[in-house]
file target_32.pdb (PDB, C-alpha atoms)
ATOM      1  CA  MET A 246       2.502  -8.519  -4.520
ATOM      2  CA  PRO A 247       1.027 -11.775  -5.868
ATOM      3  CA  PHE A 248       3.638 -13.917  -4.117
ATOM      4  CA  PRO A 249       3.871 -16.019  -2.065
ATOM      5  CA  PRO A 250       0.319 -17.330  -2.601
ATOM      6  CA  HIS A 251      -0.404 -17.596   1.121
ATOM      7  CA  ASP A 252      -3.446 -15.335   1.449
ATOM      8  CA  GLY A 253      -6.613 -14.809  -0.544
ATOM      9  CA  GLY A 254      -5.498 -11.700  -2.413
ATOM     10  CA  ALA A 255      -2.091 -13.068  -3.376
ATOM     11  CA  ILE A 256      -3.573 -16.411  -4.418
ATOM     12  CA  ALA A 257      -6.162 -14.702  -6.617
ATOM     13  CA  MET A 258      -3.588 -12.540  -8.394
ATOM     14  CA  TYR A 259      -0.939 -15.248  -8.701
ATOM     15  CA  ASP A 260      -3.309 -17.805 -10.219
ATOM     16  CA  VAL A 261      -4.685 -15.370 -12.803
ATOM     17  CA  ALA A 262      -1.197 -14.343 -13.928
ATOM     18  CA  ALA A 263       0.070 -17.937 -13.996
ATOM     19  CA  ASP A 264      -2.920 -19.354 -15.867
ATOM     20  CA  LEU A 265      -2.980 -16.546 -18.442
ATOM     21  CA  ALA A 266       0.688 -17.250 -19.131
ATOM     22  CA  ARG A 267       0.024 -20.991 -19.407
ATOM     23  CA  ALA A 268      -2.686 -20.175 -21.959
ATOM     24  CA  GLY A 269      -0.065 -18.487 -24.127
ATOM     25  CA  HIS A 270      -0.489 -14.845 -23.142
ATOM     26  CA  ARG A 271       2.272 -12.449 -22.155
ATOM     27  CA  VAL A 272       1.531 -10.948 -18.755
ATOM     28  CA  THR A 273       3.096  -7.882 -17.177
ATOM     29  CA  VAL A 274       2.433  -7.515 -13.449
ATOM     30  CA  LEU A 275       2.952  -4.004 -12.065
ATOM     31  CA  ALA A 276       2.786  -4.479  -8.315
ATOM     32  CA  ALA A 277       2.985  -2.297  -5.231
ATOM     33  CA  ASN A 278       5.806  -3.726  -3.116
ATOM     34  CA  THR A 279       4.531  -2.920   0.372
ATOM     35  CA  PRO A 280       6.175  -3.549   3.761
ATOM     36  CA  LYS A 281       3.498  -6.118   4.607
ATOM     37  CA  HIS A 282       4.138  -8.222   1.476
ATOM     38  CA  GLU A 283       7.642  -7.125   0.468
ATOM     39  CA  GLN A 284       9.309  -9.462  -2.031
ATOM     40  CA  ALA A 285      12.305  -9.531  -4.344
ATOM     41  CA  ALA A 286      11.758  -8.384  -7.927
ATOM     42  CA  ASP A 287      12.471 -11.883  -9.296
ATOM     43  CA  VAL A 288       9.952 -13.885  -7.247
ATOM     44  CA  LEU A 289       7.864 -14.700 -10.348
ATOM     45  CA  SER A 290      10.826 -15.748 -12.490
ATOM     46  CA  HIS A 291       9.592 -19.357 -12.280
ATOM     47  CA  LEU A 292       6.544 -18.390 -14.377
ATOM     48  CA  PRO A 293       7.457 -18.289 -18.101
ATOM     49  CA  GLY A 294       5.596 -15.495 -19.843
ATOM     50  CA  VAL A 295       5.129 -13.405 -16.672
ATOM     51  CA  ARG A 296       7.124 -10.212 -16.116
ATOM     52  CA  LEU A 297       7.020  -8.620 -12.667
ATOM     53  CA  LEU A 298       7.701  -4.908 -12.167
ATOM     54  CA  THR A 299       7.658  -3.652  -8.592
ATOM     55  CA  VAL A 300       7.198  -0.212  -7.086
ATOM     56  CA  PRO A 301       7.972   0.292  -3.384
ATOM     57  CA  ILE A 302       5.000   1.879  -1.622
ATOM     58  CA  ASP A 303       4.875   2.380   2.136
ATOM     59  CA  THR A 304       1.261   1.559   2.998
ATOM     60  CA  ARG A 305       1.810   1.333   6.735
ATOM     61  CA  LEU A 306      -0.708   3.184   8.887
ATOM     62  CA  ASN A 307       0.513   6.644   9.849
ATOM     63  CA  PRO A 308      -1.512   8.580  12.458
ATOM     64  CA  VAL A 309      -0.348  11.973  11.128
ATOM     65  CA  ASN A 310      -1.282  11.103   7.544
ATOM     66  CA  ALA A 311      -4.588   9.628   8.721
ATOM     67  CA  LEU A 312      -5.418  12.893  10.524
ATOM     68  CA  LYS A 313      -4.469  14.959   7.466
ATOM     69  CA  ASN A 314      -6.676  12.754   5.329
ATOM     70  CA  LEU A 315      -9.535  13.092   7.799
ATOM     71  CA  LEU A 316      -9.360  16.888   7.516
ATOM     72  CA  LEU A 317      -8.284  17.429   3.915
ATOM     73  CA  GLY A 318      -8.345  14.118   2.051
ATOM     74  CA  LYS A 319     -10.034  13.867  -1.333
ATOM     75  CA  VAL A 320     -10.076  10.054  -1.284
ATOM     76  CA  PRO A 321     -10.432   7.660   1.686
ATOM     77  CA  TYR A 322      -7.266   6.998   3.673
ATOM     78  CA  ASN A 323      -7.497   3.300   2.699
ATOM     79  CA  VAL A 324      -7.080   4.387  -0.931
ATOM     80  CA  GLU A 325      -4.670   7.262  -0.355
ATOM     81  CA  ARG A 326      -2.095   4.870   1.117
ATOM     82  CA  PHE A 327      -1.789   3.164  -2.302
ATOM     83  CA  ILE A 328      -1.442   6.336  -4.389
ATOM     84  CA  SER A 329       2.184   6.740  -5.412
ATOM     85  CA  PRO A 330       3.818   9.212  -7.842
ATOM     86  CA  GLN A 331       6.339   6.492  -8.711
ATOM     87  CA  MET A 332       3.549   4.047  -9.515
ATOM     88  CA  VAL A 333       1.897   6.679 -11.717
ATOM     89  CA  ALA A 334       5.188   7.248 -13.548
ATOM     90  CA  GLU A 335       5.816   3.511 -14.060
ATOM     91  CA  LEU A 336       2.258   2.967 -15.291
ATOM     92  CA  LYS A 337       2.488   5.858 -17.760
ATOM     93  CA  GLN A 338       5.842   4.617 -19.038
ATOM     94  CA  LEU A 339       4.441   1.151 -19.707
ATOM     95  CA  LEU A 340       1.369   2.449 -21.497
ATOM     96  CA  ARG A 341       3.370   4.876 -23.636
ATOM     97  CA  THR A 342       6.064   2.415 -24.731
ATOM     98  CA  GLU A 343       4.220  -0.903 -25.019
ATOM     99  CA  ARG A 344       0.963  -2.198 -26.431
ATOM    100  CA  PHE A 345      -1.459  -4.084 -24.208
ATOM    101  CA  ASP A 346      -4.736  -5.830 -25.034
ATOM    102  CA  VAL A 347      -6.310  -5.271 -21.622
ATOM    103  CA  VAL A 348      -5.450  -3.952 -18.175
ATOM    104  CA  GLN A 349      -6.769  -5.726 -15.106
ATOM    105  CA  VAL A 350      -6.864  -3.724 -11.876
ATOM    106  CA  GLU A 351      -6.915  -5.720  -8.651
ATOM    107  CA  GLY A 352      -9.277  -4.312  -6.043
ATOM    108  CA  THR A 353     -10.847  -1.064  -4.856
ATOM    109  CA  PHE A 354      -7.722   0.337  -3.224
ATOM    110  CA  VAL A 355      -5.968   0.733  -6.593
ATOM    111  CA  ALA A 356      -9.083   1.568  -8.623
ATOM    112  CA  TRP A 357      -7.957   5.217  -8.549
ATOM    113  CA  TYR A 358      -5.401   4.381 -11.271
ATOM    114  CA  VAL A 359      -8.185   3.819 -13.822
ATOM    115  CA  ASP A 360      -8.093   7.527 -14.667
ATOM    116  CA  ILE A 361      -4.345   7.352 -15.391
ATOM    117  CA  ILE A 362      -4.929   4.439 -17.778
ATOM    118  CA  ARG A 363      -7.858   6.141 -19.483
ATOM    119  CA  ALA A 364      -5.847   9.341 -20.013
ATOM    120  CA  GLU A 365      -2.934   7.491 -21.622
ATOM    121  CA  VAL A 366      -4.833   4.989 -23.810
ATOM    122  CA  PRO A 367      -8.518   5.991 -24.016
ATOM    123  CA  ASN A 368      -9.700   2.920 -25.946
ATOM    124  CA  LEU A 369      -7.813   0.302 -23.923
ATOM    125  CA  PRO A 370     -10.226  -2.047 -22.088
ATOM    126  CA  VAL A 371      -9.789  -1.803 -18.317
ATOM    127  CA  VAL A 372     -11.229  -4.533 -16.096
ATOM    128  CA  LEU A 373     -11.613  -4.471 -12.322
ATOM    129  CA  ARG A 374     -11.356  -7.605 -10.252
ATOM    130  CA  ALA A 375     -13.337  -6.642  -7.162
ATOM    131  CA  HIS A 376     -11.841  -8.685  -4.339
ATOM    132  CA  ASN A 377     -14.493  -7.116  -2.096
ATOM    133  CA  VAL A 378     -17.022  -4.324  -2.140
ATOM    134  CA  GLU A 379     -14.937  -2.644   0.520
ATOM    135  CA  HIS A 380     -17.362  -0.167   2.024
ATOM    136  CA  THR A 381     -19.681  -2.968   3.149
ATOM    137  CA  ILE A 382     -16.867  -4.538   5.198
ATOM    138  CA  TRP A 383     -15.887  -1.278   6.863
ATOM    139  CA  LYS A 384     -19.521  -0.476   7.591
ATOM    140  CA  MET A 385     -19.875  -3.818   9.335
ATOM    141  CA  LEU A 386     -16.731  -3.172  11.396
ATOM    142  CA  ALA A 387     -18.013   0.279  12.369
ATOM    143  CA  GLU A 388     -21.375  -1.074  13.497
ATOM    144  CA  ARG A 389     -19.707  -3.644  15.763
ATOM    145  CA  GLU A 390     -17.133  -1.309  17.267
ATOM    146  CA  ARG A 391     -17.850  -0.472  20.924
ATOM    147  CA  ASN A 392     -15.342   2.355  21.266
ATOM    148  CA  PRO A 393     -17.386   5.413  20.168
ATOM    149  CA  ILE A 394     -14.388   7.365  18.830
ATOM    150  CA  LYS A 395     -13.090   4.413  16.847
ATOM    151  CA  ALA A 396     -16.618   3.644  15.632
ATOM    152  CA  MET A 397     -17.009   7.222  14.416
ATOM    153  CA  TYR A 398     -13.752   7.012  12.455
ATOM    154  CA  LEU A 399     -14.688   3.627  10.960
ATOM    155  CA  HIS A 400     -18.041   5.066   9.859
ATOM    156  CA  HIS A 401     -16.124   7.940   8.248
ATOM    157  CA  LEU A 402     -13.942   5.450   6.351
ATOM    158  CA  ALA A 403     -16.939   3.353   5.324
ATOM    159  CA  ASN A 404     -18.852   6.372   4.015
ATOM    160  CA  GLY A 405     -15.787   7.627   2.154
ATOM    161  CA  LEU A 406     -15.213   4.228   0.582
ATOM    162  CA  LYS A 407     -18.858   4.033  -0.473
ATOM    163  CA  ARG A 408     -18.618   7.375  -2.260
ATOM    164  CA  PHE A 409     -15.301   6.368  -3.822
ATOM    165  CA  GLU A 410     -16.588   2.992  -5.053
ATOM    166  CA  GLU A 411     -19.769   4.535  -6.447
ATOM    167  CA  LYS A 412     -17.649   7.098  -8.308
ATOM    168  CA  TYR A 413     -14.768   4.945  -9.589
ATOM    169  CA  LEU A 414     -16.000   1.370 -10.025
ATOM    170  CA  PRO A 415     -18.515   2.242 -12.798
ATOM    171  CA  ARG A 416     -15.610   3.671 -14.838
ATOM    172  CA  PHE A 417     -14.343   0.181 -15.723
ATOM    173  CA  ASN A 418     -15.332  -1.634 -18.911
ATOM    174  CA  ALA A 419     -16.081  -4.793 -16.952
ATOM    175  CA  VAL A 420     -16.023  -5.999 -13.349
ATOM    176  CA  ALA A 421     -15.382  -9.478 -11.980
ATOM    177  CA  ALA A 422     -16.819 -10.187  -8.535
ATOM    178  CA  ILE A 423     -15.557 -13.018  -6.338
ATOM    179  CA  THR A 424     -18.943 -13.546  -4.619
ATOM    180  CA  ALA A 425     -22.494 -13.504  -5.943
ATOM    181  CA  PRO A 426     -23.672 -10.936  -3.316
ATOM    182  CA  ASP A 427     -20.872  -8.600  -4.424
ATOM    183  CA  GLN A 428     -21.976  -9.073  -8.029
ATOM    184  CA  ARG A 429     -25.435  -7.812  -7.057
ATOM    185  CA  ARG A 430     -23.958  -4.893  -5.096
ATOM    186  CA  LEU A 431     -21.742  -3.858  -8.004
ATOM    187  CA  ARG A 432     -24.716  -3.806 -10.372
ATOM    188  CA  THR A 433     -26.680  -1.707  -7.892
ATOM    189  CA  MET A 434     -23.767   0.758  -7.776
ATOM    190  CA  GLY A 435     -24.092   1.320 -11.519
ATOM    191  CA  CYS A 436     -21.184  -0.746 -12.842
ATOM    192  CA  PRO A 437     -21.773  -1.380 -16.562
ATOM    193  CA  GLU A 438     -22.151  -4.918 -17.838
ATOM    194  CA  PRO A 439     -20.489  -7.272 -17.976
ATOM    195  CA  VAL A 440     -20.458  -7.642 -14.190
ATOM    196  CA  VAL A 441     -19.560 -11.293 -13.810
ATOM    197  CA  PHE A 442     -19.285 -13.673 -10.877
ATOM    198  CA  ILE A 443     -15.970 -15.524 -10.997
ATOM    199  CA  PRO A 444     -15.421 -17.354  -7.703
ATOM    200  CA  ALA A 445     -11.956 -17.803  -6.282
ATOM    201  CA  GLY A 446     -10.500 -21.250  -6.838
ATOM    202  CA  VAL A 447      -7.834 -23.473  -5.345
ATOM    203  CA  ASP A 448      -4.959 -25.008  -7.277
ATOM    204  CA  LEU A 449      -4.928 -28.511  -5.813
ATOM    205  CA  LYS A 450      -1.434 -29.127  -7.187
ATOM    206  CA  ARG A 451      -0.129 -27.020  -4.306
ATOM    207  CA  PHE A 452      -1.320 -29.604  -1.802
ATOM    208  CA  GLN A 453       0.333 -32.930  -1.125
ATOM    209  CA  ILE A 454      -2.174 -35.407   0.267
ATOM    210  CA  ASP A 455      -0.785 -37.627   3.031
ATOM    211  CA  ALA A 456      -2.530 -40.974   2.659
ATOM    212  CA  ALA A 457      -1.457 -41.946   6.177
ATOM    213  CA  ILE A 458      -3.673 -39.233   7.675
ATOM    214  CA  GLN A 459      -7.259 -40.410   7.967
ATOM    215  CA  PRO A 460     -10.326 -38.218   8.460
ATOM    216  CA  LYS A 461     -11.247 -37.723  12.097
ATOM    217  CA  PRO A 462     -14.982 -37.798  12.843
ATOM    218  CA  ARG A 463     -16.678 -35.016  14.783
ATOM    219  CA  THR A 464     -14.114 -32.341  14.080
ATOM    220  CA  LEU A 465     -14.605 -28.837  12.775
ATOM    221  CA  PHE A 466     -11.894 -26.859  10.999
ATOM    222  CA  MET A 467     -11.612 -23.132  10.342
ATOM    223  CA  ILE A 468      -8.799 -21.832   8.128
ATOM    224  CA  GLY A 469      -8.204 -18.214   7.193
ATOM    225  CA  SER A 470      -5.714 -15.375   7.551
ATOM    226  CA  LEU A 471      -6.382 -13.997  11.007
ATOM    227  CA  ASN A 472      -4.391 -10.818  10.332
ATOM    228  CA  TRP A 473      -7.347  -9.681   8.199
ATOM    229  CA  LEU A 474      -9.885  -8.020  10.481
ATOM    230  CA  PRO A 475     -13.080  -9.339   8.836
ATOM    231  CA  ASN A 476     -11.846 -12.929   9.261
ATOM    232  CA  LEU A 477     -11.005 -12.292  12.909
ATOM    233  CA  GLU A 478     -14.324 -10.555  13.535
ATOM    234  CA  GLY A 479     -16.172 -13.444  11.926
ATOM    235  CA  PHE A 480     -14.331 -16.017  13.994
ATOM    236  CA  ASP A 481     -14.949 -14.112  17.229
ATOM    237  CA  TRP A 482     -18.637 -13.939  16.315
ATOM    238  CA  PHE A 483     -18.684 -17.691  15.677
ATOM    239  CA  LEU A 484     -17.053 -18.448  19.028
ATOM    240  CA  THR A 485     -19.539 -16.267  20.881
ATOM    241  CA  ASN A 486     -22.802 -16.894  19.028
ATOM    242  CA  VAL A 487     -22.526 -20.316  17.405
ATOM    243  CA  TRP A 488     -19.973 -22.543  19.066
ATOM    244  CA  PRO A 489     -21.663 -22.741  22.538
ATOM    245  CA  TYR A 490     -24.885 -24.055  20.966
ATOM    246  CA  VAL A 491     -23.067 -26.480  18.685
ATOM    247  CA  HIS A 492     -21.053 -27.799  21.604
ATOM    248  CA  GLU A 493     -24.185 -28.207  23.692
ATOM    249  CA  GLN A 494     -25.638 -30.498  21.027
ATOM    250  CA  MET A 495     -22.334 -32.282  20.296
ATOM    251  CA  PRO A 496     -20.063 -32.032  23.368
ATOM    252  CA  GLU A 497     -17.471 -34.352  21.804
ATOM    253  CA  LEU A 498     -16.960 -32.062  18.797
ATOM    254  CA  GLU A 499     -13.460 -30.595  18.395
ATOM    255  CA  LEU A 500     -12.736 -27.210  16.843
ATOM    256  CA  HIS A 501      -9.404 -26.764  15.037
ATOM    257  CA  ILE A 502      -8.121 -23.393  13.844
ATOM    258  CA  ALA A 503      -5.333 -22.509  11.416
ATOM    259  CA  GLY A 504      -4.658 -18.962  10.378
ATOM    260  CA  LYS A 505      -1.797 -16.677   9.490
ATOM    261  CA  ASP A 506      -0.759 -14.407  12.395
ATOM    262  CA  THR A 507      -3.151 -16.040  14.852
ATOM    263  CA  PRO A 508      -3.553 -13.665  17.841
ATOM    264  CA  GLU A 509      -2.118 -14.790  21.152
ATOM    265  CA  ARG A 510      -5.552 -14.710  22.786
ATOM    266  CA  ILE A 511      -6.727 -17.375  20.347
ATOM    267  CA  LEU A 512      -3.578 -19.439  20.770
ATOM    268  CA  ARG A 513      -4.354 -19.481  24.501
ATOM    269  CA  LEU A 514      -7.626 -21.284  23.755
ATOM    270  CA  ARG A 515      -5.691 -24.503  23.135
ATOM    271  CA  GLY A 516      -7.310 -27.254  25.190
ATOM    272  CA  ALA A 517      -9.897 -24.918  26.651
ATOM    273  CA  MET A 518     -13.159 -23.377  25.581
ATOM    274  CA  TYR A 519     -13.957 -19.776  24.903
ATOM    275  CA  SER A 520     -14.889 -17.774  28.000
ATOM    276  CA  CYS A 521     -18.625 -18.240  27.485
ATOM    277  CA  THR A 522     -18.232 -21.983  28.104
ATOM    278  CA  ALA A 523     -15.192 -21.944  30.386
ATOM    279  CA  SER A 524     -16.747 -24.402  32.811
ATOM    280  CA  LEU A 525     -16.439 -27.309  30.389
ATOM    281  CA  SER A 526     -13.957 -30.071  31.113
ATOM    282  CA  ARG A 527     -10.360 -29.336  30.167
ATOM    283  CA  ARG A 528      -9.831 -32.973  29.332
ATOM    284  CA  ARG A 529     -11.504 -32.478  25.986
ATOM    285  CA  SER A 530      -9.400 -30.958  23.242
ATOM    286  CA  LEU A 531     -12.053 -28.513  22.128
ATOM    287  CA  CYS A 532      -9.929 -25.995  20.354
ATOM    288  CA  SER A 533      -6.438 -26.165  18.941
ATOM    289  CA  ALA A 534      -4.748 -23.253  17.283
ATOM    290  CA  MET A 535      -1.784 -23.358  14.927
ATOM    291  CA  LYS A 536       0.259 -20.744  13.172
ATOM    292  CA  SER A 537       0.569 -21.436   9.463
TER     293      SER A 537
END

call {"tool": "encode", "arguments": {"input": "target_32.pdb", "output": "structure tokens"}}
result
Amino acid sequence: MPFPPHDGGAIAMYDVAADLARAGHRVTVLAANTPKHEQAADVLSHLPGVRLLTVPIDTRLNPVNALKNLLLGKVPYNVERFISPQMVAELKQLLRTERFDVVQVEGTFVAWYVDIIRAEVPNLPVVLRAHNVEHTIWKMLAERERNPIKAMYLHHLANGLKRFEEKYLPRFNAVAAITAPDQRRLRTMGCPEPVVFIPAGVDLKRFQIDAAIQPKPRTLFMIGSLNWLPNLEGFDWFLTNVWPYVHEQMPELELHIAGKDTPERILRLRGAMYSCTASLSRRRSLCSAMKS
């Protein structure tokens, strides 16, 4: 669901739909309404020119389904969770009854639907917006995992995603990458041109600047959804491998954190340093954590 625009994926999808509509286009958004981002069907009614159609899909992790996928799955479990007969039916109905100029698919986990689109309207341009090259993220998580059983399963997911992305992503007419490294990876995987780099942006109209708040020198700020594992892994890495050396050079520096679903262990860092520098004075406000 592209609403509310509180995380990277939702922001990316919301802004594209809103700006296309502002440019005079008619936009139909067919969205998986998942438990994690469940919203009412009218949440985009404030956007003239945008029609939202929702399909409930339960994407929650299920150990039994994960085991079945491990033994018999034809696509990675990350992808299988988004495959829905109801979504297939809704997509077919739209393509059979209406005319569209282009279909934009948002991310690897729903790239499987490209074959449904191709079968219904063979000459309709289908574009992928690659939020990430997913297998590279899961490979990184697997390599850092210390639990051998969990690491083995993460490697299995990463390898499955790599095969899936190499098979499905080149089937699109065009691909838009959010980062330049992903643009290079997508070309290496055989995606046909155009493979373009379109960085994510920020709509500054969403932010109200408070003139009474002045910049504070010698402060560092990290913001990101901490319910997304790569963000959390990156922040943990920063605390362990970077922050101690930065603090040694600039002991007065303060670190401020804001992230959705901040883990309790990070909230407990308020007013104290990470364990690797626990001997530092508590009088310094070295780290503050807030839930956004």

call {"tool": "atom_distance", "arguments": {"input": "target_32.pdb", "atom1": "CA of Ala387 in chain A", "atom2": "CA of Ala403 in chain A"}}
result
7.8 Å

call {"tool": "residues_around", "arguments": {"input": "target_32.pdb", "residues": "range 284-299 of chain A", "least_positions_apart": "3", "cutoff": "10 Å", "atoms": "all atoms listed in the file", "output": "list in words"}}
result
Met246, Pro247, Phe248, Pro249, Tyr259, Ala262, Ala263, Asp264, Leu265, Ala266, Arg267, Ala268, Gly269, His270, Arg271, Val272, Thr273, Val274, Leu275, Ala276, Ala277, Asn278, Thr279, Pro280, Lys281, Ile302, Met332 and Glu335 of chain A

call {"tool": "resolve_selection", "arguments": {"input": "target_32.pdb", "expression": "the PyMOL selection byres ((chain A and resi 466) around 7)", "output": "list in words"}}
result
Thr464, Leu465, Met467, Ile468, Leu500, His501 and Ile502 of chain A

call {"tool": "residues_around", "arguments": {"input": "target_32.pdb", "residues": "range 413-430 of chain A", "least_positions_apart": "3", "cutoff": "7 Å", "atoms": "only C-alpha atoms", "output": "VMD selection string"}}
result
chain A and resid 356 to 357 370 to 378 409 to 410 433 to 445

call {"tool": "atom_distance", "arguments": {"input": "target_32.pdb", "atom1": "CA of Phe327 in chain A", "atom2": "CA of Met385 in chain A"}}
result
22.6 Å

call {"tool": "residues_around", "arguments": {"input": "target_32.pdb", "residues": "Asn307 in chain A", "least_positions_apart": "5", "cutoff": "12 Å", "atoms": "all atoms listed in the file", "output": "ChimeraX atom specification"}}
result
/A:312-314,322-323,325-326

call {"tool": "atom_distance", "arguments": {"input": "target_32.pdb", "atom1": "CA of His401 in chain A", "atom2": "CA of Ile328 in chain A"}}
result
19.4 Å

call {"tool": "closest_residue", "arguments": {"input": "target_32.pdb", "among": "A:Pro393, A:Pro496, A:Pro462, A:Gly504", "to": "Leu477 in chain A", "atoms": "only C-alpha atoms"}}
result
A:Gly504

call {"tool": "closest_residue", "arguments": {"input": "target_32.pdb", "among": "A:Lys395, A:Arg432, A:Arg408, A:Lys505", "to": "Val324 in chain A", "atoms": "all atoms listed in the file"}}
result
A:Arg408

call {"tool": "closest_residue", "arguments": {"input": "target_32.pdb", "among": "A:Ile382, A:Val333, A:Val348, A:Leu399", "to": "Leu369 in chain A", "atoms": "only C-alpha atoms"}}
result
A:Val348

call {"tool": "build_atoms", "arguments": {"input": "target_32.pdb", "residues": "range 341-352 of chain A", "atoms": "N, CA, C and O atoms", "output": "short mmCIF file (atom, residue, chain, number, x, y, z; two decimals), in the coordinates of the input"}}
result
data_model
loop_
_atom_site.label_atom_id
_atom_site.label_comp_id
_atom_site.auth_asym_id
_atom_site.auth_seq_id
_atom_site.Cartn_x
_atom_site.Cartn_y
_atom_site.Cartn_z
N ARG A 341 2.86 4.07 -22.53
CA ARG A 341 3.37 4.88 -23.64
C ARG A 341 4.34 4.11 -24.53
O ARG A 341 4.50 4.45 -25.71
N THR A 342 5.00 3.10 -23.98
CA THR A 342 6.06 2.42 -24.73
C THR A 342 5.69 1.01 -25.18
O THR A 342 6.40 0.43 -26.01
N GLU A 343 4.61 0.46 -24.66
CA GLU A 343 4.22 -0.90 -25.02
C GLU A 343 2.74 -0.96 -25.36
O GLU A 343 1.96 -0.09 -24.96
N ARG A 344 2.36 -2.01 -26.06
CA ARG A 344 0.96 -2.20 -26.43
C ARG A 344 0.36 -3.34 -25.63
O ARG A 344 0.91 -4.44 -25.57
N PHE A 345 -0.77 -3.07 -25.01
CA PHE A 345 -1.46 -4.08 -24.21
C PHE A 345 -2.87 -4.29 -24.75
O PHE A 345 -3.50 -3.37 -25.28
N ASP A 346 -3.37 -5.52 -24.60
CA ASP A 346 -4.74 -5.83 -25.03
C ASP A 346 -5.77 -5.46 -23.98
O ASP A 346 -6.90 -5.10 -24.31
N VAL A 347 -5.38 -5.56 -22.72
CA VAL A 347 -6.31 -5.27 -21.62
C VAL A 347 -5.50 -5.01 -20.36
O VAL A 347 -4.39 -5.54 -20.20
N VAL A 348 -6.04 -4.18 -19.49
CA VAL A 348 -5.45 -3.95 -18.18
C VAL A 348 -6.43 -4.46 -17.13
O VAL A 348 -7.62 -4.13 -17.18
N GLN A 349 -5.94 -5.26 -16.21
CA GLN A 349 -6.77 -5.73 -15.11
C GLN A 349 -6.28 -5.09 -13.82
O GLN A 349 -5.11 -5.21 -13.46
N VAL A 350 -7.17 -4.40 -13.14
CA VAL A 350 -6.86 -3.72 -11.88
C VAL A 350 -7.40 -4.58 -10.74
O VAL A 350 -8.55 -5.03 -10.78
N GLU A 351 -6.57 -4.78 -9.72
CA GLU A 351 -6.92 -5.72 -8.65
C GLU A 351 -7.39 -4.98 -7.40
O GLU A 351 -6.61 -4.58 -6.55
N GLY A 352 -8.70 -4.79 -7.29
CA GLY A 352 -9.28 -4.31 -6.04
C GLY A 352 -9.53 -2.82 -5.97
O GLY A 352 -8.94 -2.00 -6.68
#
